[in-house]
>>> print(open('query.csv').read())   # CSV, C-alpha atoms and all ligand atoms
chain,number,residue,atom,x,y,z
A,20,MET,CA,-14.2,0.7,48.4
A,21,SER,CA,-12.0,-1.3,50.8
A,22,ILE,CA,-8.3,-0.8,50.4
A,23,ILE,CA,-7.5,-4.1,52.1
A,24,GLY,CA,-6.9,-6.9,49.6
A,25,LYS,CA,-4.5,-6.9,46.6
A,26,PRO,CA,-2.2,-3.8,46.8
A,27,VAL,CA,-3.1,-1.1,44.3
A,28,LEU,CA,-0.3,0.9,42.7
A,29,TYR,CA,-1.1,4.4,41.3
A,30,SER,CA,1.3,4.5,38.5
A,31,TYR,CA,2.1,6.2,35.2
A,32,TRP,CA,3.7,4.0,32.5
A,33,ARG,CA,6.7,6.3,31.9
A,34,SER,CA,7.2,7.4,35.5
A,35,SER,CA,10.6,6.2,36.8
A,36,CYS,CA,9.5,6.5,40.4
A,37,SER,CA,6.5,4.2,39.7
A,38,TRP,CA,8.8,1.9,37.8
A,39,ARG,CA,11.1,1.5,40.8
A,40,VAL,CA,8.2,0.3,42.9
A,41,ARG,CA,6.9,-2.0,40.1
A,42,ILE,CA,10.3,-3.7,39.9
A,43,ALA,CA,10.4,-4.2,43.7
A,44,LEU,CA,6.8,-5.6,43.7
A,45,ASN,CA,7.7,-7.9,40.9
A,46,LEU,CA,11.0,-9.1,42.4
A,47,LYS,CA,9.2,-9.9,45.6
A,48,GLU,CA,6.4,-11.6,43.6
A,49,ILE,CA,3.7,-9.5,45.3
A,50,PRO,CA,0.5,-9.5,43.1
A,51,TYR,CA,-0.9,-6.0,42.6
A,52,ASP,CA,-3.3,-4.0,40.6
A,53,ILE,CA,-2.4,-0.9,38.7
A,54,LYS,CA,-4.5,2.2,38.7
A,55,PRO,CA,-3.0,4.4,35.9
A,56,VAL,CA,-2.8,8.1,36.6
A,57,SER,CA,-2.1,10.1,33.5
A,58,LEU,CA,0.4,12.8,34.2
A,59,ILE,CA,-0.5,14.6,30.9
A,60,LYS,CA,-4.2,14.1,30.2
A,61,GLY,CA,-6.2,17.3,30.9
A,62,GLY,CA,-3.2,19.0,32.5
A,63,GLY,CA,-2.5,16.0,34.6
A,64,GLU,CA,-4.7,13.7,36.7
A,65,GLN,CA,-2.2,13.9,39.5
A,66,HIS,CA,-3.5,17.4,40.2
A,67,SER,CA,-7.1,16.4,40.6
A,68,ASN,CA,-8.8,16.9,44.0
A,69,GLU,CA,-9.4,13.1,44.1
A,70,PHE,CA,-5.8,12.2,43.6
A,71,ARG,CA,-4.5,14.9,46.0
A,72,GLU,CA,-6.3,13.0,48.7
A,73,ILE,CA,-4.2,10.0,47.8
A,74,ASN,CA,-0.9,11.8,47.4
A,75,PRO,CA,-0.7,15.4,48.6
A,76,MET,CA,2.5,15.9,46.6
A,77,GLU,CA,0.4,15.3,43.4
A,78,GLN,CA,2.9,12.7,42.1
A,79,VAL,CA,3.0,9.0,41.4
A,80,PRO,CA,3.6,6.5,42.8
A,81,SER,CA,1.3,5.8,45.6
A,82,LEU,CA,0.6,2.3,47.0
A,83,GLN,CA,-2.5,1.2,48.8
A,84,ILE,CA,-1.5,-1.8,50.9
A,85,ASP,CA,-2.4,-3.4,54.2
A,86,GLY,CA,-5.1,-0.8,54.7
A,87,HIS,CA,-2.7,2.1,54.3
A,88,THR,CA,-1.9,4.5,51.6
A,89,LEU,CA,1.8,5.1,51.1
A,90,ILE,CA,3.6,7.7,49.1
A,91,GLU,CA,7.3,8.2,48.1
A,92,SER,CA,8.9,5.4,46.2
A,93,LEU,CA,11.8,4.8,48.5
A,94,ASN,CA,9.5,4.8,51.5
A,95,ILE,CA,7.2,2.3,49.7
A,96,MET,CA,10.1,0.0,48.7
A,97,HIS,CA,11.4,0.0,52.3
A,98,TYR,CA,7.9,-0.8,53.6
A,99,LEU,CA,7.8,-3.7,51.2
A,100,GLU,CA,11.2,-4.8,52.4
A,101,GLU,CA,10.1,-4.6,56.1
A,102,THR,CA,6.8,-6.3,55.7
A,103,ARG,CA,7.6,-8.8,52.9
A,104,PRO,CA,11.1,-10.1,53.7
A,105,GLN,CA,11.0,-12.7,50.9
A,106,ARG,CA,13.5,-12.0,48.2
A,107,ALA,CA,15.5,-9.4,50.3
A,108,LEU,CA,16.4,-6.3,48.4
A,109,MET,CA,18.6,-4.9,51.1
A,110,PRO,CA,21.9,-6.7,51.9
A,111,GLN,CA,22.7,-8.0,55.4
A,112,ASP,CA,26.0,-6.3,55.6
A,113,VAL,CA,25.7,-2.8,57.1
A,114,HIS,CA,28.2,-1.2,54.8
A,115,LYS,CA,26.6,-2.6,51.7
A,116,ARG,CA,23.2,-1.4,53.1
A,117,ALA,CA,24.7,2.1,53.3
A,118,LYS,CA,25.9,1.8,49.7
A,119,VAL,CA,22.5,0.8,48.5
A,120,ARG,CA,20.9,3.8,50.3
A,121,GLU,CA,23.6,6.1,48.8
A,122,ILE,CA,22.8,5.1,45.3
A,123,CYS,CA,19.1,5.3,45.9
A,124,GLU,CA,19.4,8.7,47.4
A,125,VAL,CA,21.7,10.1,44.6
A,126,ILE,CA,19.1,9.0,42.1
A,127,ALA,CA,15.9,9.8,44.0
A,128,SER,CA,17.0,13.1,45.5
A,129,GLY,CA,19.9,14.2,43.4
A,130,ILE,CA,18.8,13.4,39.8
A,131,GLN,CA,15.1,12.6,39.3
A,132,PRO,CA,13.6,15.6,41.1
A,133,LEU,CA,15.5,17.9,38.8
A,134,GLN,CA,14.2,16.3,35.6
A,135,ASN,CA,10.7,15.8,36.9
A,136,LEU,CA,7.8,17.0,34.7
A,137,THR,CA,6.8,19.9,36.9
A,138,VAL,CA,10.4,21.2,37.0
A,139,LEU,CA,10.8,20.8,33.2
A,140,ILE,CA,7.5,22.7,32.6
A,141,TYR,CA,8.9,25.5,34.9
A,142,VAL,CA,12.3,25.5,33.1
A,143,GLY,CA,10.5,25.8,29.7
A,144,GLU,CA,10.4,24.0,26.4
A,145,GLU,CA,13.5,25.8,25.0
A,146,LYS,CA,15.9,25.0,27.8
A,147,LYS,CA,14.5,21.7,29.2
A,148,LYS,CA,16.6,19.2,27.3
A,149,GLU,CA,19.9,21.0,28.1
A,150,TRP,CA,18.8,21.3,31.8
A,151,ALA,CA,17.8,17.7,32.1
A,152,GLN,CA,21.1,16.5,30.4
A,153,HIS,CA,23.1,18.7,32.8
A,154,TRP,CA,21.6,17.3,36.0
A,155,ILE,CA,21.4,13.7,34.8
A,156,ASN,CA,25.1,13.8,33.8
A,157,ARG,CA,26.1,15.3,37.1
A,158,GLY,CA,24.2,12.7,39.0
A,159,LEU,CA,25.3,9.7,36.9
A,160,ARG,CA,28.9,10.8,37.4
A,161,ALA,CA,28.4,10.3,41.1
A,162,VAL,CA,26.6,7.0,40.6
A,163,GLU,CA,29.3,5.7,38.4
A,164,LYS,CA,32.0,6.7,41.0
A,165,LEU,CA,30.0,4.9,43.7
A,166,LEU,CA,29.5,1.8,41.6
A,167,SER,CA,33.3,1.7,40.9
A,168,SER,CA,33.8,0.7,44.5
A,169,CYS,CA,30.7,-1.5,45.2
A,170,ALA,CA,29.4,-3.0,42.0
A,171,GLY,CA,29.5,-6.7,41.4
A,172,LYS,CA,27.1,-8.3,38.9
A,173,TYR,CA,24.7,-5.7,40.1
A,174,CYS,CA,24.9,-2.2,41.8
A,175,VAL,CA,26.0,-3.5,45.2
A,176,GLY,CA,27.7,-6.9,45.0
A,177,ASP,CA,26.1,-9.8,43.2
A,178,GLU,CA,22.6,-9.6,44.7
A,179,LEU,CA,19.8,-7.5,43.4
A,180,THR,CA,19.0,-4.6,45.7
A,181,LEU,CA,16.8,-1.4,45.8
A,182,ALA,CA,19.7,0.4,44.1
A,183,ASP,CA,19.1,-1.7,41.0
A,184,CYS,CA,15.4,-0.8,41.2
A,185,CYS,CA,16.4,2.9,41.0
A,186,LEU,CA,19.2,2.6,38.5
A,187,VAL,CA,17.4,1.0,35.5
A,188,PRO,CA,14.6,3.6,35.3
A,189,GLN,CA,17.0,6.4,35.7
A,190,VAL,CA,19.1,5.1,32.8
A,191,PHE,CA,15.9,5.0,30.7
A,192,ASN,CA,15.3,8.6,31.6
A,193,ALA,CA,18.9,9.5,30.6
A,194,ARG,CA,18.2,7.9,27.2
A,195,ARG,CA,14.9,9.9,26.8
A,196,PHE,CA,16.9,13.1,27.2
A,197,HIS,CA,19.7,11.8,24.8
A,198,VAL,CA,22.4,11.8,27.5
A,199,ASP,CA,25.6,10.3,26.2
A,200,LEU,CA,26.0,7.2,28.4
A,201,ARG,CA,29.5,6.2,27.2
A,202,PRO,CA,31.3,7.8,30.2
A,203,PHE,CA,29.3,5.5,32.5
A,204,PRO,CA,30.4,2.0,31.6
A,205,ILE,CA,29.5,0.3,34.9
A,206,THR,CA,26.1,1.8,34.9
A,207,LEU,CA,25.6,0.7,31.3
A,208,ARG,CA,26.8,-2.9,32.0
A,209,ILE,CA,24.4,-3.3,34.9
A,210,ASP,CA,21.5,-1.8,32.9
A,211,ARG,CA,22.3,-4.3,30.1
A,212,GLU,CA,22.5,-7.1,32.6
A,213,LEU,CA,19.0,-6.3,33.8
A,214,GLU,CA,17.2,-5.4,30.6
A,215,ASN,CA,15.8,-8.9,30.1
A,216,HIS,CA,15.3,-9.8,33.7
A,217,PRO,CA,11.6,-10.8,34.0
A,218,ALA,CA,10.8,-8.6,37.0
A,219,PHE,CA,12.4,-5.6,35.3
A,220,ARG,CA,10.9,-6.5,31.9
A,221,ALA,CA,7.4,-6.7,33.3
A,222,ALA,CA,7.8,-3.4,35.0
A,223,HIS,CA,9.1,-1.6,31.9
A,224,PRO,CA,7.0,1.3,30.6
A,225,SER,CA,6.3,-0.5,27.3
A,226,ASN,CA,4.6,-3.3,29.3
A,227,GLN,CA,2.2,-1.1,31.3
A,228,PRO,CA,-1.5,-1.0,30.7
A,229,ASP,CA,-1.5,2.7,30.1
A,230,CYS,CA,1.4,2.7,27.7
A,231,PRO,CA,0.1,4.3,24.5
A,232,PRO,CA,0.3,1.9,21.5
A,233,GLU,CA,2.5,4.3,19.5
A,234,ALA,CA,5.2,4.3,22.3
A,235,THR,CA,5.8,0.6,22.0
A,236,LYS,CA,6.8,0.8,18.4
B,1,LIG,N1,10.1,11.6,45.6
B,1,LIG,C1,9.0,11.1,44.9
B,1,LIG,C2,9.0,11.7,43.5
B,1,LIG,C3,7.7,11.3,42.7
B,1,LIG,C4,7.7,11.9,41.3
B,1,LIG,O1,8.5,12.9,41.0
B,1,LIG,N2,6.9,11.4,40.4
B,1,LIG,C5,6.8,12.0,39.1
B,1,LIG,C6,6.8,10.8,38.1
B,1,LIG,S1,8.4,10.0,38.2
B,1,LIG,C7,5.4,12.7,39.0
B,1,LIG,O2,4.4,12.2,39.4
B,1,LIG,N3,5.4,13.8,38.3
B,1,LIG,C8,4.2,14.5,38.1
B,1,LIG,C9,4.4,16.0,38.1
B,1,LIG,O3,5.5,16.5,38.4
B,1,LIG,O4,3.4,16.7,37.9
B,1,LIG,C10,9.0,9.6,44.8
B,1,LIG,O5,10.1,9.0,44.8
B,1,LIG,O6,8.0,8.9,44.8
>>> encode(input="query.csv", output="structure tokens", more="lines below")
Ligand SMILES: N[C@@H](CCC(=O)N[C@@H](CS)C(=O)NCC(=O)O)C(=O)O
Amino acid sequence: MSIIGKPVLYSYWRSSCSWRVRIALNLKEIPYDIKPVSLIKGGGEQHSNEFREINPMEQVPSLQIDGHTLIESLNIMHYLEETRPQRALMPQDVHKRAKVREICEVIASGIQPLQNLTVLIYVGEEKKKEWAQHWINRGLRAVEKLLSSCAGKYCVGDELTLADCCLVPQVFNARRFHVDLRPFPITLRIDRELENHPAFRAAHPSNQPDCPPEATK
């Protein structure tokens, strides 16, 4: 099968990292197909030999685009930014760019990996909620502090950036683990601002082809 044509996103409906990329694709109005990878069915399709060829980290997302297979959500979003400059998701100003990268990194390196499925399985059923809450709280405290100096309507100023693509899925994860979000008013305000944005809405887990019907209720 040729991988040149419409981009194919290997995605799981509830994966925040896949969701980041879905938002960026939608904002840039890049048509794409979704290939669902179930992270739970049969112990997880991400661990199959076939998928390991696509992503040796055995994680989603992965994007097949322009004849290449890309992994790592931030890398994928920067690739989209570099190859599809329409609807820029990085500011022109160098300091604002640095802020966008800071917020993305805090979420993508400092929060999400600690509450990822494999880590939670390792931590164990009994402790996983407390564990996830601890690390999400710690990370969101940093995000809120960063936002206090750079947020406008959105995370960095008044234009949508990659930071917003990372923030909204992370807030969803925080809610999944029942984190009290009241100490993070700027984070909450931006999340509310974006909840009905069409690109964010279309990328939402409940609007994914592999979302189980019971999860949309
Ligand atoms: N750094 C990677 C992280 C990817 C990642 O952790 N993906 C999660 C879903 S959000 C996953 O596939 N987990 C499956 C597993 O841990 O087995 C990225 O940003 O793409």
>>> residues_near_ligand(input="query.csv", ligand="ligand LIG 1 (chain B)", cutoff="7 Å", atoms="only C-alpha atoms and all ligand atoms", output="list in words")
Ser34, Ser35, Cys36, Ser37, Leu58, Gly63, Gln65, Glu77, Gln78, Val79, Pro80, Ile90, Glu91, Ser92, Leu93, Ala127, Gln131, Pro132, Asn135, Leu136, Thr137 and Val138 of chain A
>>> write_last_selection(input="query.csv", atoms="C-alpha atoms", output="short mmCIF file (atom, residue, chain, number, x, y, z; two decimals), in the frame of the given file")
data_model
loop_
_atom_site.label_atom_id
_atom_site.label_comp_id
_atom_site.auth_asym_id
_atom_site.auth_seq_id
_atom_site.Cartn_x
_atom_site.Cartn_y
_atom_site.Cartn_z
CA SER A 34 7.20 7.40 35.50
CA SER A 35 10.60 6.20 36.80
CA CYS A 36 9.50 6.50 40.40
CA SER A 37 6.50 4.20 39.70
CA LEU A 58 0.40 12.80 34.20
CA GLY A 63 -2.50 16.00 34.60
CA GLN A 65 -2.20 13.90 39.50
CA GLU A 77 0.40 15.30 43.40
CA GLN A 78 2.90 12.70 42.10
CA VAL A 79 3.00 9.00 41.40
CA PRO A 80 3.60 6.50 42.80
CA ILE A 90 3.60 7.70 49.10
CA GLU A 91 7.30 8.20 48.10
CA SER A 92 8.90 5.40 46.20
CA LEU A 93 11.80 4.80 48.50
CA ALA A 127 15.90 9.80 44.00
CA GLN A 131 15.10 12.60 39.30
CA PRO A 132 13.60 15.60 41.10
CA ASN A 135 10.70 15.80 36.90
CA LEU A 136 7.80 17.00 34.70
CA THR A 137 6.80 19.90 36.90
CA VAL A 138 10.40 21.20 37.00
#
>>> closest_residue(input="query.csv", among="A:Cys230, A:Val190, A:Leu213, A:Leu44", to="Ile84 of chain A", atoms="all atoms listed in the file")
A:Leu44
>>> closest_residue(input="query.csv", among="A:Ala218, A:Ile42, A:Ile73, A:Cys174", to="Lys54 of chain A", atoms="all atoms listed in the file")
A:Ile73
>>> residues_around(input="query.csv", residues="Val40 of chain A", least_positions_apart="6", cutoff="12 Å", atoms="all atoms listed in the file", output="ChimeraX atom specification")
/A:26-32,34,46-47,49,51,53,79-82,89-100,108,181-185,187-188,218-219,221-223
>>> closest_residue(input="query.csv", among="A:Thr180, A:Lys25, A:Gly143, A:Leu200", to="His87 of chain A", atoms="only C-alpha atoms")
A:Lys25
>>> atom_distance(input="query.csv", atom1="atom CA of Met76 of chain A", atom2="atom CA of Gly24 of chain A")
24.8 Å
>>> residues_around(input="query.csv", residues="Val198 of chain A", least_positions_apart="5", cutoff="10 Å", atoms="all atoms listed in the file", output="PyMOL selection string")
chain A and resi 148-149+151-153+155-156+190-193
>>> atom_distance(input="query.csv", atom1="atom CA of Arg201 of chain A", atom2="atom CA of Leu186 of chain A")
15.7 Å
>>> closest_residue(input="query.csv", among="A:Ala234, A:Thr88, A:Arg194, A:Gly176", to="Ile209 of chain A", atoms="all atoms listed in the file")
A:Gly176
>>> closest_residue(input="query.csv", among="A:Pro217, A:Gly129, A:Gly86, A:Pro228", to="Trp154 of chain A", atoms="all atoms listed in the file")
A:Gly129
